[in-house]
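Asker: The following block contains the structure, expressed as structure tokens.
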Amino acid sequence: MRKNMPKEDYELFKIIVQSSQTKLQKILYKILKRHYKNIINTSDYIIAQGDIPVALVAHMDTVFKLPPEQIYFDRQQGVLWSPDGLGADDRAGVFLILKIVQVMKKNRKPTIIFTTDEEYGCVGAYQLTLNMPQAPWDLKYIIELDRRGQIDCVFYDDINEKFAEYVETFGFKTDWGTLSDISIICPTWGISGVNLSVGYEDEHQEIETLHIKWTYATYQKVLMMLDDIENADHFKYEESAHSINWWKYGYNYGKPYDSPGWDDDDYYSYGKKDYCYGCGKEIYSSTALRAKDKFGIMHRFCGSCASEKIDWCDTCGQPFIVEDGKKWETTCADCINKGWESDE
């Protein structure tokens, strides 16, 4: 398994991680113009029409305010890191997509989607679905390259078992996740999608590392998936009955929705910023996941904190904040107070 990084790959990765989101978008647009004829470039996303019916997705932002000044490669461990925060979430995904675009033969290129501000609540992905409520071209499925670890495949609220089985044949193992760009794109377009590991660990922290062998392993697996596209079905999005349903609990953008997760202030909150109740990071209030604490007070969370701090009530299906050390709880305070707690 590869532990070293070719010089040309290292230089490409440096350019990617050491660019601001605005600069990176300009770079990506120039590169895509060499390989694609039909490209739509907006302030929220880039989408380039491919030749085969599959799309690759990655986001251009990171949680760090400034790109890293120094990047180091530990040859013994086979990892990249930076004291400033590497930003491999999701610059590793961007890197992999560019490599794939470069090696795929003419007339065999996938559709490419690069989004902005995923870390602030998938803002670019949401704007894409507003502008394109249906998939603009034929797609059998969507691959996002924005997952931590080595062999994870995450489907969020999509329970299409045939698609999960198909993805796992390429060496991935199903895991659980809370939010990413395909959480918005796939249910809107009605197409199954998967988020695959790209090799980073300790994301959102300065100690974040990128394991080169994991990154290249996913690269090879995705190439195999793209080569097999003629044998793949058109996988339709099948939403779970216990869906997190980010449309109800965050992605309203001026659309009134009658649900317990709705906050009247959010009707006018597009672009309004708030702070995550878990980590204190600045987030967009209209794209945050909201949940009540045991006192019935509503709080907003970023996607990362939501996975640690929030669970969904087995009785009413609404999100609620679990107390530290009590992640096993499955009933919210409202249902407990009403005497609806499950016997289990």
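As shown in the structure tokens, the chain order sets the letters A, B, ...; within each chain, residues go from 1, and ligands are also counted from 1 in the order they appear.
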Range 65-311 of chain A: which residues are strand (DSSP E or B) by DSSP, as an NGL selection string?

Answerer: :A and (72-74 or 79-81 or 110-115 or 141-147 or 152-154 or 158 or 173-175 or 191 or 193-197 or 200-201 or 209-211 or 236 or 239 or 273-275 or 282-284 or 289-292 or 298-301 or 310-311)

Asker: Tell me, as JSON, numbers by chain, which residues lie within 12 Å of Ile27 in chain A, counting only C-alpha atoms; anything in the same chain fewer than 4 positions away does not count.

Answerer: {"A": [12, 15, 16, 17, 18, 19, 20, 21, 22, 23, 31, 32, 33, 34, 41, 46, 60, 94, 98, 114]}

Asker: Given the selection you just returned, output its residues as a file containing C-alpha atoms, formatted as a PDB file, in the first residue's frame.

Answerer:
```
ATOM      1  CA  LEU A  12      -1.118  19.808  -6.416  1.00  0.00           C
ATOM      2  CA  ILE A  15      -1.948  24.395  -4.026  1.00  0.00           C
ATOM      3  CA  ILE A  16      -5.369  23.085  -3.028  1.00  0.00           C
ATOM      4  CA  VAL A  17      -4.964  23.334   0.752  1.00  0.00           C
ATOM      5  CA  GLN A  18      -3.049  26.623   0.725  1.00  0.00           C
ATOM      6  CA  SER A  19      -5.738  28.461  -1.238  1.00  0.00           C
ATOM      7  CA  SER A  20      -8.681  30.340   0.200  1.00  0.00           C
ATOM      8  CA  GLN A  21     -12.104  29.126  -0.892  1.00  0.00           C
ATOM      9  CA  THR A  22     -12.406  32.034  -3.341  1.00  0.00           C
ATOM     10  CA  LYS A  23      -8.988  31.419  -4.861  1.00  0.00           C
ATOM     11  CA  ILE A  31      -8.777  23.293 -14.587  1.00  0.00           C
ATOM     12  CA  LEU A  32     -12.271  22.058 -15.410  1.00  0.00           C
ATOM     13  CA  LYS A  33     -12.371  24.250 -18.520  1.00  0.00           C
ATOM     14  CA  ARG A  34      -9.561  22.112 -19.947  1.00  0.00           C
ATOM     15  CA  ASN A  41     -19.781  28.538 -12.266  1.00  0.00           C
ATOM     16  CA  ILE A  46     -19.349  24.789  -9.837  1.00  0.00           C
ATOM     17  CA  MET A  60     -14.250  23.860  -1.323  1.00  0.00           C
ATOM     18  CA  VAL A  94     -11.092  18.106  -4.081  1.00  0.00           C
ATOM     19  CA  LEU A  98      -8.909  16.519  -9.814  1.00  0.00           C
ATOM     20  CA  PHE A 114     -17.812  21.592  -6.172  1.00  0.00           C
TER      21      PHE A 114
END
```

Asker: Would you mind telling me which residue in A:Glu282, A:Asp175, A:Asp157, A:Asp228 lies nearest to Arg108 in chain A when using only C-alpha atoms?

Answerer: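 Using only C-alpha atoms, the shortest distance to Arg108 in chain A belongs to A:Asp228.
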
Asker: Using only C-alpha atoms, which of the listed residues (A:Arg75, A:Lys7, A:Arg290, A:Lys162) sits closest to Asp311 in chain A?

Answerer: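 Using only C-alpha atoms, the shortest distance to Asp311 in chain A belongs to A:Arg290.
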
Asker: So that I can see what lies close to Val57 in chain A, please list as a list in words the residues with an atom at most 7 Å from it, counting only C-alpha atoms and leaving out residues fewer than 6 positions away in the same chain.

Answerer: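 Counting only the stated atoms, we get Ile112, Ile113, Phe114, Ile143, Glu144 and Leu145 of chain A.
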
Asker: Can you tell me which residues surround Met104 in chain A at a distance of at most 12 Å, considering only C-alpha atoms, apart from same-chain residues fewer than 5 positions away, and format the answer as a compact mmCIF listing (two decimals) with N, CA, C and O atoms, in the first residue's frame?

Answerer:
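part.txt was written with the following content:
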```txt
# COMPACT_ATOMS: atom_id res chain seq x y z
N HIS A 35 -11.10 20.30 -19.48
CA HIS A 35 -11.64 18.95 -19.64
C HIS A 35 -13.13 18.90 -19.96
O HIS A 35 -13.62 17.86 -20.41
N TYR A 36 -13.85 19.99 -19.72
CA TYR A 36 -15.31 19.99 -19.87
C TYR A 36 -15.76 21.16 -20.74
O TYR A 36 -15.18 22.25 -20.68
N GLY A 50 -20.64 15.81 -17.20
CA GLY A 50 -19.78 14.72 -17.62
C GLY A 50 -20.35 13.91 -18.77
O GLY A 50 -21.42 14.22 -19.30
N ASP A 51 -19.63 12.84 -19.13
CA ASP A 51 -20.04 11.98 -20.24
C ASP A 51 -20.67 10.69 -19.74
O ASP A 51 -21.35 10.00 -20.50
N ILE A 52 -20.42 10.32 -18.48
CA ILE A 52 -20.99 9.11 -17.92
C ILE A 52 -21.95 9.49 -16.80
O ILE A 52 -21.80 10.54 -16.17
N ILE A 97 -10.80 14.34 -6.74
CA ILE A 97 -11.60 14.60 -7.93
C ILE A 97 -10.73 15.11 -9.07
O ILE A 97 -10.88 14.69 -10.22
N LEU A 98 -9.79 16.01 -8.76
CA LEU A 98 -8.91 16.52 -9.81
C LEU A 98 -8.06 15.40 -10.41
O LEU A 98 -7.84 15.35 -11.63
N LYS A 99 -7.56 14.50 -9.56
CA LYS A 99 -6.77 13.37 -10.07
C LYS A 99 -7.62 12.49 -10.97
O LYS A 99 -7.16 12.02 -12.02
N LYS A 109 -15.66 10.97 -18.69
CA LYS A 109 -15.52 11.77 -17.47
C LYS A 109 -16.84 11.90 -16.72
O LYS A 109 -17.90 12.06 -17.33
N PRO A 110 -16.79 11.84 -15.39
CA PRO A 110 -18.01 12.00 -14.59
C PRO A 110 -18.41 13.47 -14.47
O PRO A 110 -17.60 14.36 -14.71
N THR A 111 -19.65 13.71 -14.12
CA THR A 111 -20.08 15.06 -13.77
C THR A 111 -19.39 15.47 -12.47
O THR A 111 -19.20 14.65 -11.56
N TYR A 219 -9.12 6.42 -4.03
CA TYR A 219 -8.92 6.84 -5.42
C TYR A 219 -9.05 5.65 -6.38
O TYR A 219 -9.79 5.71 -7.38
N GLN A 220 -8.38 4.55 -6.06
CA GLN A 220 -8.43 3.36 -6.90
C GLN A 220 -9.83 2.75 -6.93
O GLN A 220 -10.33 2.31 -7.97
N VAL A 222 -12.73 4.31 -6.46
CA VAL A 222 -13.65 5.16 -7.21
C VAL A 222 -13.42 4.97 -8.71
O VAL A 222 -14.39 4.93 -9.49
N LEU A 223 -12.17 4.82 -9.12
CA LEU A 223 -11.90 4.55 -10.54
C LEU A 223 -12.56 3.25 -10.97
O LEU A 223 -13.11 3.14 -12.08
N MET A 224 -12.54 2.25 -10.08
CA MET A 224 -13.20 0.98 -10.39
C MET A 224 -14.71 1.17 -10.51
O MET A 224 -15.34 0.59 -11.41
N LEU A 226 -16.26 3.91 -11.42
CA LEU A 226 -16.53 4.64 -12.66
C LEU A 226 -16.39 3.73 -13.87
O LEU A 226 -17.16 3.85 -14.84
N ASP A 227 -15.43 2.82 -13.83
CA ASP A 227 -15.25 1.88 -14.94
C ASP A 227 -16.41 0.90 -15.04
O ASP A 227 -16.65 0.32 -16.11
```

Asker: Check the smallest atom-to-atom distance from each of A:Glu11, A:Glu206, A:Asp146, A:Glu239 to Ala92 in chain A using only C-alpha atoms, then report the winner.

Answerer: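 Under the stated criterion, the closest residue is A:Asp146.
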
Asker: For the atom pair CA of Asp44 in chain A and CA of Asp61 in chain A, what is the interatomic distance in Å to one decimal place?

Answerer: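 Taking CA of Asp44 in chain A as the start and CA of Asp61 in chain A as the end point, the length is 11.0 Å.
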